[in-house]
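Q: Compact mmCIF, C-alpha atoms and all ligand atoms, file upload-v7.txt:
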```txt
# COMPACT_ATOMS: atom_id res chain seq x y z
CA MET W 23 0.00 0.00 0.00
CA PRO W 24 2.73 2.61 0.85
CA THR W 25 4.53 1.67 -2.38
CA VAL W 26 1.41 2.15 -4.51
CA ASP W 27 0.69 5.38 -2.64
CA ASP W 28 4.17 6.71 -3.35
CA SER W 29 4.02 5.81 -7.05
CA VAL W 30 0.61 7.50 -7.38
CA ASN W 31 1.96 10.65 -5.72
CA VAL W 32 4.87 10.72 -8.17
CA MET W 33 2.46 10.32 -11.08
CA MET W 34 0.39 13.19 -9.70
CA THR W 35 3.42 15.52 -9.76
CA HIS W 36 4.02 14.56 -13.42
CA LEU W 37 0.31 15.09 -14.20
CA LYS W 38 0.24 18.42 -12.38
CA LYS W 39 3.10 19.74 -14.48
CA VAL W 40 1.36 18.94 -17.75
CA ALA W 41 -2.09 19.99 -16.47
CA ASP W 42 -0.70 23.36 -15.37
CA SER W 43 0.42 24.00 -18.94
CA GLY W 44 -3.29 24.34 -19.77
CA LYS W 45 -2.98 22.29 -22.96
CA ALA W 46 -4.80 19.07 -23.81
CA PHE W 47 -2.67 15.95 -23.31
CA ASN W 48 -2.89 12.17 -23.59
CA ILE W 49 -3.23 10.64 -20.11
CA HIS W 50 -2.65 7.02 -21.21
CA PRO W 51 1.20 7.07 -21.05
CA TYR W 52 1.03 8.35 -17.47
CA PHE W 53 -0.95 5.26 -16.44
CA HIS W 54 1.45 2.99 -18.32
CA GLU W 55 4.30 4.52 -16.32
CA LEU W 56 2.33 4.17 -13.08
CA THR W 57 1.36 0.52 -13.51
CA MET W 58 4.87 -0.48 -14.58
CA ASP W 59 6.33 1.42 -11.64
CA VAL W 60 4.05 -0.37 -9.17
CA ILE W 61 4.66 -3.84 -10.62
CA CYS W 62 8.43 -3.36 -10.81
CA ARG W 63 8.59 -2.08 -7.23
CA ILE W 64 6.33 -4.75 -5.77
CA ALA W 65 7.23 -7.78 -7.84
CA MET W 66 10.60 -7.13 -9.41
CA GLY W 67 12.62 -5.56 -6.62
CA GLN W 68 12.98 -2.12 -8.21
CA ARG W 69 14.16 0.37 -5.60
CA GLY W 70 12.22 3.65 -5.64
CA THR W 71 10.22 5.08 -8.49
CA ARG W 72 11.40 5.14 -12.13
CA GLN W 73 8.50 6.78 -13.92
CA PHE W 74 9.40 8.00 -17.42
CA GLU W 75 12.80 6.31 -17.23
CA ASN W 76 11.79 2.67 -16.90
CA PRO W 77 13.07 0.63 -19.90
CA HIS W 78 10.43 -2.09 -19.31
CA VAL W 79 7.66 0.27 -20.44
CA ASP W 80 8.91 0.50 -24.00
CA VAL W 81 9.53 -3.23 -24.44
CA CYS W 82 6.16 -4.18 -22.87
CA LYS W 83 4.36 -1.70 -25.15
CA ARG W 84 6.05 -3.35 -28.11
CA VAL W 85 4.99 -6.80 -26.89
CA PHE W 86 1.39 -5.61 -26.80
CA ALA W 87 1.66 -3.93 -30.21
CA HIS W 88 2.28 -7.44 -31.63
CA PHE W 89 0.05 -9.37 -29.24
CA GLY W 90 -2.84 -11.07 -31.02
CA VAL W 91 -2.30 -9.19 -34.29
CA ASP W 92 0.96 -10.62 -35.66
CA ARG W 93 0.99 -13.38 -38.28
CA LEU W 94 1.78 -16.19 -35.85
CA SER W 95 -1.17 -15.29 -33.63
CA THR W 96 -3.45 -15.10 -36.67
CA PHE W 97 -2.43 -18.64 -37.65
CA ALA W 98 -2.96 -19.81 -34.08
CA PHE W 99 -6.51 -18.42 -34.07
CA LEU W 100 -7.26 -19.86 -37.51
CA PHE W 101 -5.98 -23.35 -36.69
CA PRO W 102 -6.40 -23.88 -32.95
CA PHE W 103 -5.15 -27.48 -32.87
CA ASP W 104 -2.77 -28.63 -30.12
CA TRP W 105 -0.11 -30.07 -32.41
CA PHE W 106 -0.22 -27.00 -34.67
CA ILE W 107 0.05 -24.57 -31.75
CA TRP W 108 2.96 -26.65 -30.42
CA CYS W 109 4.76 -26.28 -33.79
CA LEU W 110 3.98 -22.55 -33.93
CA ARG W 111 5.33 -22.06 -30.43
CA ARG W 112 8.55 -23.90 -31.28
CA PHE W 113 8.85 -21.79 -34.43
CA ALA W 114 8.20 -18.58 -32.48
CA PHE W 115 10.97 -19.35 -29.99
CA VAL W 116 13.54 -20.65 -32.48
CA THR W 117 13.14 -17.64 -34.77
CA ALA W 118 12.56 -15.06 -32.01
CA ASN W 119 15.99 -13.47 -32.18
CA LEU W 120 15.93 -13.37 -35.97
CA ARG W 121 12.52 -11.68 -35.97
CA LYS W 122 13.64 -9.36 -33.13
CA ALA W 123 10.48 -10.45 -31.28
CA PRO W 124 9.78 -8.11 -28.33
CA PHE W 125 8.56 -11.00 -26.13
CA LYS W 126 12.00 -12.63 -26.38
CA GLU W 127 13.68 -9.33 -25.60
CA LEU W 128 11.56 -9.02 -22.45
CA LEU W 129 12.23 -12.65 -21.42
CA ASP W 130 15.98 -12.09 -21.85
CA ILE W 131 15.87 -8.91 -19.74
CA LEU W 132 13.99 -10.76 -16.98
CA ARG W 133 16.36 -13.74 -17.05
CA LYS W 134 19.31 -11.37 -16.73
CA GLU W 135 17.69 -9.59 -13.79
CA ILE W 136 16.95 -12.89 -12.03
CA LYS W 137 20.50 -14.10 -12.64
CA GLU W 138 21.91 -10.89 -11.18
CA ARG W 139 19.65 -11.25 -8.15
CA LYS W 140 20.81 -14.83 -7.65
CA GLU W 141 24.42 -13.69 -7.71
CA LEU W 142 23.68 -10.97 -5.16
CA ARG W 143 22.04 -13.61 -2.97
CA VAL W 144 25.12 -15.78 -3.08
CA GLU W 145 27.18 -12.77 -2.02
CA GLY W 146 24.60 -11.96 0.68
CA LYS W 147 24.00 -8.48 -0.79
CA ASN W 148 20.48 -9.01 -2.09
CA VAL W 149 18.73 -7.10 0.70
CA GLN W 150 19.51 -3.53 1.71
CA GLU W 151 18.08 -1.84 4.77
CA GLY W 152 14.44 -0.86 4.26
CA ASP W 153 13.96 -3.22 1.29
CA ARG W 154 10.68 -5.02 1.01
CA ILE W 155 10.62 -8.68 -0.02
CA ASP W 156 9.40 -8.99 -3.60
CA PHE W 157 8.15 -11.77 -5.86
CA ILE W 158 11.59 -12.64 -7.22
CA ASP W 159 12.71 -13.29 -3.62
CA LEU W 160 9.72 -15.56 -3.05
CA PHE W 161 10.35 -17.42 -6.29
CA LEU W 162 14.04 -17.80 -5.49
CA ASP W 163 13.08 -19.21 -2.07
CA ALA W 164 10.88 -21.69 -3.93
CA GLU W 165 13.81 -22.52 -6.16
CA ALA W 166 16.04 -23.13 -3.17
CA SER W 167 13.73 -25.49 -1.29
CA GLU W 168 12.45 -28.72 -2.73
CA ILE W 169 8.67 -28.93 -2.75
CA SER W 170 7.60 -32.45 -1.86
CA ASP W 171 4.20 -33.63 -2.87
CA HIS W 172 2.98 -36.93 -1.48
CA ASN W 173 -0.28 -38.71 -1.27
CA GLY W 174 -1.03 -39.91 2.31
CA ASP W 175 -3.21 -42.87 1.35
CA TYR W 176 -0.72 -44.06 -1.18
CA MET W 177 2.05 -43.87 1.42
CA GLN W 178 0.01 -45.86 3.96
CA ASN W 179 -0.96 -48.60 1.58
CA LYS W 180 1.71 -48.97 -1.00
CA GLY W 181 4.76 -47.05 0.09
CA SER W 182 5.97 -43.58 -0.67
CA LEU W 183 5.29 -41.55 -3.79
CA LYS W 184 7.25 -38.32 -3.62
CA VAL W 185 7.40 -35.72 -6.34
CA ALA W 186 10.25 -33.29 -5.76
CA LYS W 187 9.80 -29.97 -7.55
CA LYS W 188 12.18 -27.07 -7.82
CA MET W 189 11.55 -23.91 -9.77
CA THR W 190 14.10 -23.38 -12.48
CA THR W 191 15.41 -19.94 -13.49
CA ASP W 192 13.38 -20.25 -16.70
CA GLU W 193 10.21 -20.93 -14.72
CA ILE W 194 10.85 -17.92 -12.48
CA GLY W 195 11.43 -15.82 -15.62
CA ALA W 196 8.16 -17.09 -17.08
CA GLN W 197 6.25 -16.21 -13.89
CA CYS W 198 7.70 -12.69 -13.88
CA PHE W 199 6.90 -12.36 -17.59
CA VAL W 200 3.20 -13.19 -17.07
CA PHE W 201 2.97 -11.00 -14.01
CA LEU W 202 4.60 -8.04 -15.69
CA LEU W 203 2.45 -8.21 -18.81
CA ALA W 204 -0.82 -9.20 -17.10
CA GLY W 205 -0.87 -6.22 -14.78
CA PHE W 206 0.64 -3.57 -17.05
CA ASP W 207 -1.66 -2.92 -20.00
CA THR W 208 -4.87 -4.10 -18.32
CA THR W 209 -4.64 -1.67 -15.43
CA ALA W 210 -3.32 1.26 -17.51
CA ASN W 211 -6.07 0.81 -20.12
CA THR W 212 -8.80 0.48 -17.48
CA LEU W 213 -7.65 3.69 -15.77
CA ALA W 214 -7.35 5.59 -19.06
CA ASN W 215 -10.78 4.44 -20.28
CA THR W 216 -12.31 5.42 -16.93
CA MET W 217 -10.75 8.89 -17.17
CA PHE W 218 -12.11 9.22 -20.70
CA PHE W 219 -15.67 8.39 -19.62
CA LEU W 220 -15.43 10.73 -16.62
CA ALA W 221 -14.11 13.57 -18.78
CA LYS W 222 -17.15 13.15 -21.03
CA ASP W 223 -19.54 13.06 -18.07
CA PRO W 224 -18.83 16.00 -15.69
CA GLU W 225 -21.96 15.34 -13.66
CA ARG W 226 -20.89 11.85 -12.61
CA GLN W 227 -17.31 13.04 -12.26
CA LYS W 228 -18.60 15.46 -9.63
CA ILE W 229 -20.43 12.71 -7.71
CA LEU W 230 -17.25 10.61 -7.66
CA GLN W 231 -15.17 13.60 -6.59
CA SER W 232 -17.55 14.30 -3.68
CA GLU W 233 -17.39 10.67 -2.54
CA ILE W 234 -13.59 10.71 -2.61
CA ASP W 235 -13.45 14.03 -0.72
CA GLU W 236 -15.87 12.71 1.87
CA VAL W 237 -14.32 9.27 2.44
CA CYS W 238 -10.64 10.15 1.99
CA SER W 239 -10.49 13.43 3.86
CA ASP W 240 -6.95 12.88 5.26
CA GLU W 241 -3.85 13.15 3.14
CA ASP W 242 -2.97 9.46 3.64
CA VAL W 243 -5.50 7.17 2.05
CA THR W 244 -6.05 3.82 3.78
CA TYR W 245 -6.96 0.48 2.24
CA GLU W 246 -10.23 0.49 4.21
CA GLN W 247 -11.15 3.90 2.80
CA LEU W 248 -10.59 2.63 -0.73
CA GLN W 249 -12.80 -0.34 0.03
CA SER W 250 -15.68 1.95 1.00
CA LEU W 251 -15.65 3.98 -2.24
CA LYS W 252 -18.90 2.45 -3.44
CA TYR W 253 -19.51 4.91 -6.26
CA GLY W 254 -15.86 4.67 -7.33
CA ASP W 255 -16.13 0.89 -7.50
CA ALA W 256 -19.29 1.19 -9.63
CA VAL W 257 -17.52 3.66 -11.97
CA MET W 258 -14.59 1.27 -12.52
CA LYS W 259 -16.94 -1.67 -13.10
CA GLU W 260 -19.04 0.33 -15.55
CA ALA W 261 -15.90 1.33 -17.48
CA LEU W 262 -14.85 -2.35 -17.59
CA ARG W 263 -18.36 -3.31 -18.73
CA MET W 264 -18.31 -0.75 -21.54
CA ILE W 265 -14.80 -1.63 -22.71
CA PRO W 266 -13.91 -5.14 -21.47
CA ILE W 267 -10.15 -5.55 -20.95
CA ALA W 268 -8.22 -8.71 -21.86
CA ALA W 269 -11.39 -10.08 -23.48
CA LEU W 270 -9.25 -11.74 -26.19
C1 LIG W 301 -8.16 -3.93 -14.63
C2 LIG W 301 -7.18 -4.75 -14.43
C3 LIG W 301 -7.16 -6.20 -14.88
C4 LIG W 301 -7.99 -6.87 -15.72
C5 LIG W 301 -9.24 -6.35 -16.44
C6 LIG W 301 -7.49 -8.22 -15.82
C7 LIG W 301 -8.08 -9.23 -16.55
C8 LIG W 301 -7.63 -10.53 -16.60
C9 LIG W 301 -8.26 -11.59 -17.36
C10 LIG W 301 -9.53 -11.45 -18.19
C11 LIG W 301 -7.52 -12.70 -17.16
C12 LIG W 301 -7.78 -14.09 -17.76
C13 LIG W 301 -8.57 -14.93 -16.81
C14 LIG W 301 -8.90 -16.27 -17.45
O1 LIG W 301 -7.99 -17.01 -17.80
O2 LIG W 301 -10.07 -16.55 -17.62
C15 LIG W 301 -6.43 -12.38 -16.27
C16 LIG W 301 -5.49 -13.26 -15.82
C17 LIG W 301 -4.41 -12.92 -15.05
N1 LIG W 301 -4.13 -11.69 -14.53
FE1 LIG W 301 -5.26 -10.04 -14.76
N2 LIG W 301 -6.37 -8.33 -15.04
C18 LIG W 301 -6.12 -7.12 -14.48
C19 LIG W 301 -5.07 -6.79 -13.63
C20 LIG W 301 -4.07 -7.65 -13.25
C21 LIG W 301 -2.96 -7.30 -12.38
C22 LIG W 301 -2.74 -5.92 -11.76
C23 LIG W 301 -2.18 -8.41 -12.27
C24 LIG W 301 -0.91 -8.59 -11.50
C25 LIG W 301 0.06 -7.72 -11.44
C26 LIG W 301 -2.80 -9.46 -13.05
C27 LIG W 301 -2.32 -10.74 -13.16
C28 LIG W 301 -2.95 -11.75 -13.82
C29 LIG W 301 -2.44 -13.10 -13.89
C30 LIG W 301 -1.15 -13.61 -13.22
C31 LIG W 301 -3.36 -13.83 -14.63
C32 LIG W 301 -3.32 -15.32 -14.93
C33 LIG W 301 -2.57 -15.59 -16.14
C34 LIG W 301 -2.55 -17.08 -16.38
O3 LIG W 301 -1.91 -17.79 -15.60
O4 LIG W 301 -3.21 -17.52 -17.31
N3 LIG W 301 -3.95 -8.96 -13.62
N4 LIG W 301 -6.53 -11.05 -15.95
```
In structure tokens, what does this structure look like?
Ligand code: HEM
A:
Amino acid sequence: MPTVDDSVNVMMTHLKKVADSGKAFNIHPYFHELTMDVICRIAMGQRGTRQFENPHVDVCKRVFAHFGVDRLSTFAFLFPFDWFIWCLRRFAFVTANLRKAPFKELLDILRKEIKERKELRVEGKNVQEGDRIDFIDLFLDAEASEISDHNGDYMQNKGSLKVAKKMTTDEIGAQCFVFLLAGFDTTANTLANTMFFLAKDPERQKILQSEIDEVCSDEDVTYEQLQSLKYGDAVMKEALRMIPIAAL
């Protein structure tokens, strides 16, 4: 919560600057910067805010520019058979570097970051004072300890069936990849669409503003206060109903 709060405050200073200029501007990139900032700080161990200087934003935008509209995806939609998709996936990975595919670029960046974090762990320098534990730490803990899975009945009757599972670096990279992409565009688009609808509807914008002023009267907003923004919740849901996100 304090991390999200801080990133939102930083976005507000950026927004204030451009709003004070009195000219119309596109709000969408500000939300892209915000969502990436929050994900990188919470999940990827980024220290402090990096809005408008985060290299992940550009590569993730390029991933989405291809997502679902490139030729490989078109073939996958046209011929949704397991064996065919398997071949397409192999082809996509083998030729990724040749095609300069953004998804491969992102995967490589994430693998490098995870590798660096592993090295810092070995040296015992992975945590600085005041750091919060992030998802990479949790995944690396999972990598370090073997997860045993056994069936009690089976053990009682027929002996032991143990399945040892460790997360590989590739699996951790894949988890970070999904997490980064899943939260980035969805949240930024939902916020931007909501702002668009509110800008077109000053009356309802006013109702929402009054609710926020009433519920969140202090400077620091709490999680409980956010939970009680009933009208705000309805506004977000209506925006998602009108333009469903990730419907593909
Ligand atoms: C307005 C915001 C969001 C919308 C509309 C949205 C929508 C969706 C949808 C429709 C799915 C597919 C569910 C299915 O398979 O039926 C999904 C999956 C998922 N979302 Fe979101 N999402 C949002 C925000 C986020 C955020 C902030 C994160 C995390 C940072 C996230 C992480 C995930 C993950 C990990 C999956 C599962 C992917 C998988 O394993 O298949 N999402 N989301």
Q: My list of candidates is W:Phe103, W:Phe206, W:Trp108, W:Phe161. Which is closest to ligand LIG 301 (chain W) when distances are computed with only C-alpha atoms and all ligand atoms?
A: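 Of W:Phe103, W:Phe206, W:Trp108, W:Phe161, the one nearest ligand LIG 301 (chain W) is W:Phe206, counting only C-alpha atoms and all ligand atoms.
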Q: From the set W:Glu55, W:Asp42, W:Asp80, W:Asp163, which residue has the shortest atom-to-atom contact distance to Ala210 of chain W, counting all atoms listed in the file?
A: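 Among the listed residues, the smallest separation from Ala210 of chain W belongs to W:Glu55.
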Q: Leaving out Leu203 of chain W and any residue of its chain fewer than 3 positions from it, which residues lie within 10 Å of it when counting all atoms listed in the file, given as JSON, numbers by chain?
A: {"W": [58, 61, 82, 83, 85, 86, 125, 128, 198, 199, 200, 206, 207, 208]}
Q: Could you dump the residues just selected with C-alpha atoms as a short mmCIF file (atom, residue, chain, number, x, y, z; two decimals), in the coordinates of the input?
A:
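Below you can see part_29.cif, which holds the result:
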```
data_model
loop_
_atom_site.label_atom_id
_atom_site.label_comp_id
_atom_site.auth_asym_id
_atom_site.auth_seq_id
_atom_site.Cartn_x
_atom_site.Cartn_y
_atom_site.Cartn_z
CA MET W 58 4.87 -0.48 -14.58
CA ILE W 61 4.66 -3.84 -10.62
CA CYS W 82 6.16 -4.18 -22.87
CA LYS W 83 4.36 -1.70 -25.15
CA VAL W 85 4.99 -6.80 -26.89
CA PHE W 86 1.39 -5.61 -26.80
CA PHE W 125 8.56 -11.00 -26.13
CA LEU W 128 11.56 -9.02 -22.45
CA CYS W 198 7.70 -12.69 -13.88
CA PHE W 199 6.90 -12.36 -17.59
CA VAL W 200 3.20 -13.19 -17.07
CA PHE W 206 0.64 -3.57 -17.05
CA ASP W 207 -1.66 -2.92 -20.00
CA THR W 208 -4.87 -4.10 -18.32
#
```
Q: Which of these residues is nearest to ligand LIG 301 (chain W), using all atoms listed in the file: W:Pro266, W:Pro51, W:Pro24, W:Gly205?
A: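 Going through W:Pro266, W:Pro51, W:Pro24, W:Gly205 one by one, the smallest distance to ligand LIG 301 (chain W) is for W:Gly205.
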Q: Collect all residues with atoms no farther than 12 Å from ligand LIG 301 (chain W), counting all atoms listed in the file, and output them as a ChimeraX atom specification.
A: /W:26,53-54,56-66,157,196-216,255,258-270
Q: Got time to write the residues from that selection, C-alpha atoms, as a PDB file, in the frame of the given file?
A:
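Now in part-v4.pdb:
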```pdb
ATOM      1  CA  VAL W  26       1.410   2.150  -4.510  1.00  0.00           C
ATOM      2  CA  PHE W  53      -0.950   5.260 -16.440  1.00  0.00           C
ATOM      3  CA  HIS W  54       1.450   2.990 -18.320  1.00  0.00           C
ATOM      4  CA  LEU W  56       2.330   4.170 -13.080  1.00  0.00           C
ATOM      5  CA  THR W  57       1.360   0.520 -13.510  1.00  0.00           C
ATOM      6  CA  MET W  58       4.870  -0.480 -14.580  1.00  0.00           C
ATOM      7  CA  ASP W  59       6.330   1.420 -11.640  1.00  0.00           C
ATOM      8  CA  VAL W  60       4.050  -0.370  -9.170  1.00  0.00           C
ATOM      9  CA  ILE W  61       4.660  -3.840 -10.620  1.00  0.00           C
ATOM     10  CA  CYS W  62       8.430  -3.360 -10.810  1.00  0.00           C
ATOM     11  CA  ARG W  63       8.590  -2.080  -7.230  1.00  0.00           C
ATOM     12  CA  ILE W  64       6.330  -4.750  -5.770  1.00  0.00           C
ATOM     13  CA  ALA W  65       7.230  -7.780  -7.840  1.00  0.00           C
ATOM     14  CA  MET W  66      10.600  -7.130  -9.410  1.00  0.00           C
ATOM     15  CA  PHE W 157       8.150 -11.770  -5.860  1.00  0.00           C
ATOM     16  CA  ALA W 196       8.160 -17.090 -17.080  1.00  0.00           C
ATOM     17  CA  GLN W 197       6.250 -16.210 -13.890  1.00  0.00           C
ATOM     18  CA  CYS W 198       7.700 -12.690 -13.880  1.00  0.00           C
ATOM     19  CA  PHE W 199       6.900 -12.360 -17.590  1.00  0.00           C
ATOM     20  CA  VAL W 200       3.200 -13.190 -17.070  1.00  0.00           C
ATOM     21  CA  PHE W 201       2.970 -11.000 -14.010  1.00  0.00           C
ATOM     22  CA  LEU W 202       4.600  -8.040 -15.690  1.00  0.00           C
ATOM     23  CA  LEU W 203       2.450  -8.210 -18.810  1.00  0.00           C
ATOM     24  CA  ALA W 204      -0.820  -9.200 -17.100  1.00  0.00           C
ATOM     25  CA  GLY W 205      -0.870  -6.220 -14.780  1.00  0.00           C
ATOM     26  CA  PHE W 206       0.640  -3.570 -17.050  1.00  0.00           C
ATOM     27  CA  ASP W 207      -1.660  -2.920 -20.000  1.00  0.00           C
ATOM     28  CA  THR W 208      -4.870  -4.100 -18.320  1.00  0.00           C
ATOM     29  CA  THR W 209      -4.640  -1.670 -15.430  1.00  0.00           C
ATOM     30  CA  ALA W 210      -3.320   1.260 -17.510  1.00  0.00           C
ATOM     31  CA  ASN W 211      -6.070   0.810 -20.120  1.00  0.00           C
ATOM     32  CA  THR W 212      -8.800   0.480 -17.480  1.00  0.00           C
ATOM     33  CA  LEU W 213      -7.650   3.690 -15.770  1.00  0.00           C
ATOM     34  CA  ALA W 214      -7.350   5.590 -19.060  1.00  0.00           C
ATOM     35  CA  ASN W 215     -10.780   4.440 -20.280  1.00  0.00           C
ATOM     36  CA  THR W 216     -12.310   5.420 -16.930  1.00  0.00           C
ATOM     37  CA  ASP W 255     -16.130   0.890  -7.500  1.00  0.00           C
ATOM     38  CA  MET W 258     -14.590   1.270 -12.520  1.00  0.00           C
ATOM     39  CA  LYS W 259     -16.940  -1.670 -13.100  1.00  0.00           C
ATOM     40  CA  GLU W 260     -19.040   0.330 -15.550  1.00  0.00           C
ATOM     41  CA  ALA W 261     -15.900   1.330 -17.480  1.00  0.00           C
ATOM     42  CA  LEU W 262     -14.850  -2.350 -17.590  1.00  0.00           C
ATOM     43  CA  ARG W 263     -18.360  -3.310 -18.730  1.00  0.00           C
ATOM     44  CA  MET W 264     -18.310  -0.750 -21.540  1.00  0.00           C
ATOM     45  CA  ILE W 265     -14.800  -1.630 -22.710  1.00  0.00           C
ATOM     46  CA  PRO W 266     -13.910  -5.140 -21.470  1.00  0.00           C
ATOM     47  CA  ILE W 267     -10.150  -5.550 -20.950  1.00  0.00           C
ATOM     48  CA  ALA W 268      -8.220  -8.710 -21.860  1.00  0.00           C
ATOM     49  CA  ALA W 269     -11.390 -10.080 -23.480  1.00  0.00           C
ATOM     50  CA  LEU W 270      -9.250 -11.740 -26.190  1.00  0.00           C
TER      51      LEU W 270
END
```
Q: Figure out the distance between atom CA of Asp130 of chain W and atom CA of Leu94 of chain W, please, to one decimal in Å.
A: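 Separating atom CA of Leu94 of chain W from atom CA of Asp130 of chain W is a distance of 20.4 Å.
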Q: Please compute the atom CA of Val32 of chain W-atom CA of Leu248 of chain W distance, one decimal, in Å.
A: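 Atom-to-atom, atom CA of Val32 of chain W to atom CA of Leu248 of chain W, that is 19.0 Å.
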Q: Show me, as JSON, the centre and edge lengths in Å to one decimal of the axis-aligned box that covers every listed atom of segment 225-238 of chain W with 6 Å on each side.
A:
```
{"center_x": -16.3, "center_y": 12.4, "center_z": -5.6, "size_x": 23.3, "size_y": 18.2, "size_z": 28.1}
```
Q: Any idea what the distance is between atom CA of Gly254 of chain W and atom CA of Leu230 of chain W?
A: 6.1 Å
Q: Of the residues W:Lys45, W:Lys134, W:Arg111, W:His36, which is the one nearest to Phe97 of chain W, using all atoms listed in the file?
A: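 Closest to Phe97 of chain W of all the choices is W:Arg111.
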Q: Place all heavy atoms on segment 99-105 of chain W and deliver the coordinates as a CSV table (one decimal), in the coordinates of the input.
A:
```
chain,number,residue,atom,x,y,z
W,99,PHE,N,-5.0,-18.6,-34.2
W,99,PHE,CA,-6.5,-18.4,-34.1
W,99,PHE,C,-7.2,-19.2,-35.2
W,99,PHE,O,-8.3,-19.7,-35.0
W,99,PHE,CB,-6.9,-16.9,-34.1
W,99,PHE,CG,-6.5,-16.2,-32.9
W,99,PHE,CD1,-5.9,-15.0,-33.0
W,99,PHE,CD2,-6.9,-16.7,-31.6
W,99,PHE,CE1,-5.5,-14.3,-31.8
W,99,PHE,CE2,-6.5,-16.0,-30.5
W,99,PHE,CZ,-5.8,-14.8,-30.6
W,100,LEU,N,-6.6,-19.2,-36.4
W,100,LEU,CA,-7.3,-19.9,-37.5
W,100,LEU,C,-7.2,-21.4,-37.4
W,100,LEU,O,-8.2,-22.1,-37.7
W,100,LEU,CB,-6.5,-19.5,-38.8
W,100,LEU,CG,-6.9,-18.1,-39.4
W,100,LEU,CD1,-6.0,-17.8,-40.6
W,100,LEU,CD2,-8.3,-18.1,-39.8
W,101,PHE,N,-6.1,-21.9,-36.8
W,101,PHE,CA,-6.0,-23.4,-36.7
W,101,PHE,C,-5.7,-23.7,-35.2
W,101,PHE,O,-4.5,-24.0,-34.9
W,101,PHE,CB,-4.9,-23.8,-37.6
W,101,PHE,CG,-5.0,-23.4,-39.0
W,101,PHE,CD1,-4.2,-22.4,-39.6
W,101,PHE,CD2,-6.0,-24.0,-39.9
W,101,PHE,CE1,-4.4,-21.9,-40.9
W,101,PHE,CE2,-6.1,-23.6,-41.2
W,101,PHE,CZ,-5.4,-22.5,-41.7
W,102,PRO,N,-6.7,-23.7,-34.4
W,102,PRO,CA,-6.4,-23.9,-33.0
W,102,PRO,C,-6.3,-25.4,-32.5
W,102,PRO,O,-7.0,-25.8,-31.6
W,102,PRO,CB,-7.6,-23.2,-32.3
W,102,PRO,CG,-8.7,-23.4,-33.3
W,102,PRO,CD,-8.1,-23.4,-34.6
W,103,PHE,N,-5.4,-26.1,-33.2
W,103,PHE,CA,-5.2,-27.5,-32.9
W,103,PHE,C,-3.9,-27.6,-32.0
W,103,PHE,O,-2.9,-27.0,-32.4
W,103,PHE,CB,-5.0,-28.3,-34.1
W,103,PHE,CG,-6.1,-28.0,-35.1
W,103,PHE,CD1,-5.9,-27.5,-36.4
W,103,PHE,CD2,-7.5,-28.3,-34.8
W,103,PHE,CE1,-6.9,-27.2,-37.3
W,103,PHE,CE2,-8.5,-28.0,-35.7
W,103,PHE,CZ,-8.2,-27.4,-36.9
W,104,ASP,N,-3.9,-28.5,-31.0
W,104,ASP,CA,-2.8,-28.6,-30.1
W,104,ASP,C,-1.4,-28.8,-30.8
W,104,ASP,O,-0.5,-28.1,-30.5
W,104,ASP,CB,-3.0,-29.8,-29.2
W,104,ASP,CG,-4.0,-29.5,-28.1
W,104,ASP,OD1,-4.3,-28.3,-28.0
W,104,ASP,OD2,-4.4,-30.4,-27.3
W,105,TRP,N,-1.4,-29.8,-31.8
W,105,TRP,CA,-0.1,-30.1,-32.4
W,105,TRP,C,0.4,-28.9,-33.2
W,105,TRP,O,1.6,-28.6,-33.3
W,105,TRP,CB,-0.2,-31.3,-33.3
W,105,TRP,CG,-1.2,-31.1,-34.5
W,105,TRP,CD1,-2.5,-31.4,-34.4
W,105,TRP,CD2,-0.9,-30.6,-35.8
W,105,TRP,NE1,-3.1,-31.1,-35.6
W,105,TRP,CE2,-2.1,-30.6,-36.5
W,105,TRP,CE3,0.2,-30.1,-36.4
W,105,TRP,CZ2,-2.2,-30.1,-37.8
W,105,TRP,CZ3,0.2,-29.7,-37.7
W,105,TRP,CH2,-1.1,-29.7,-38.4
```
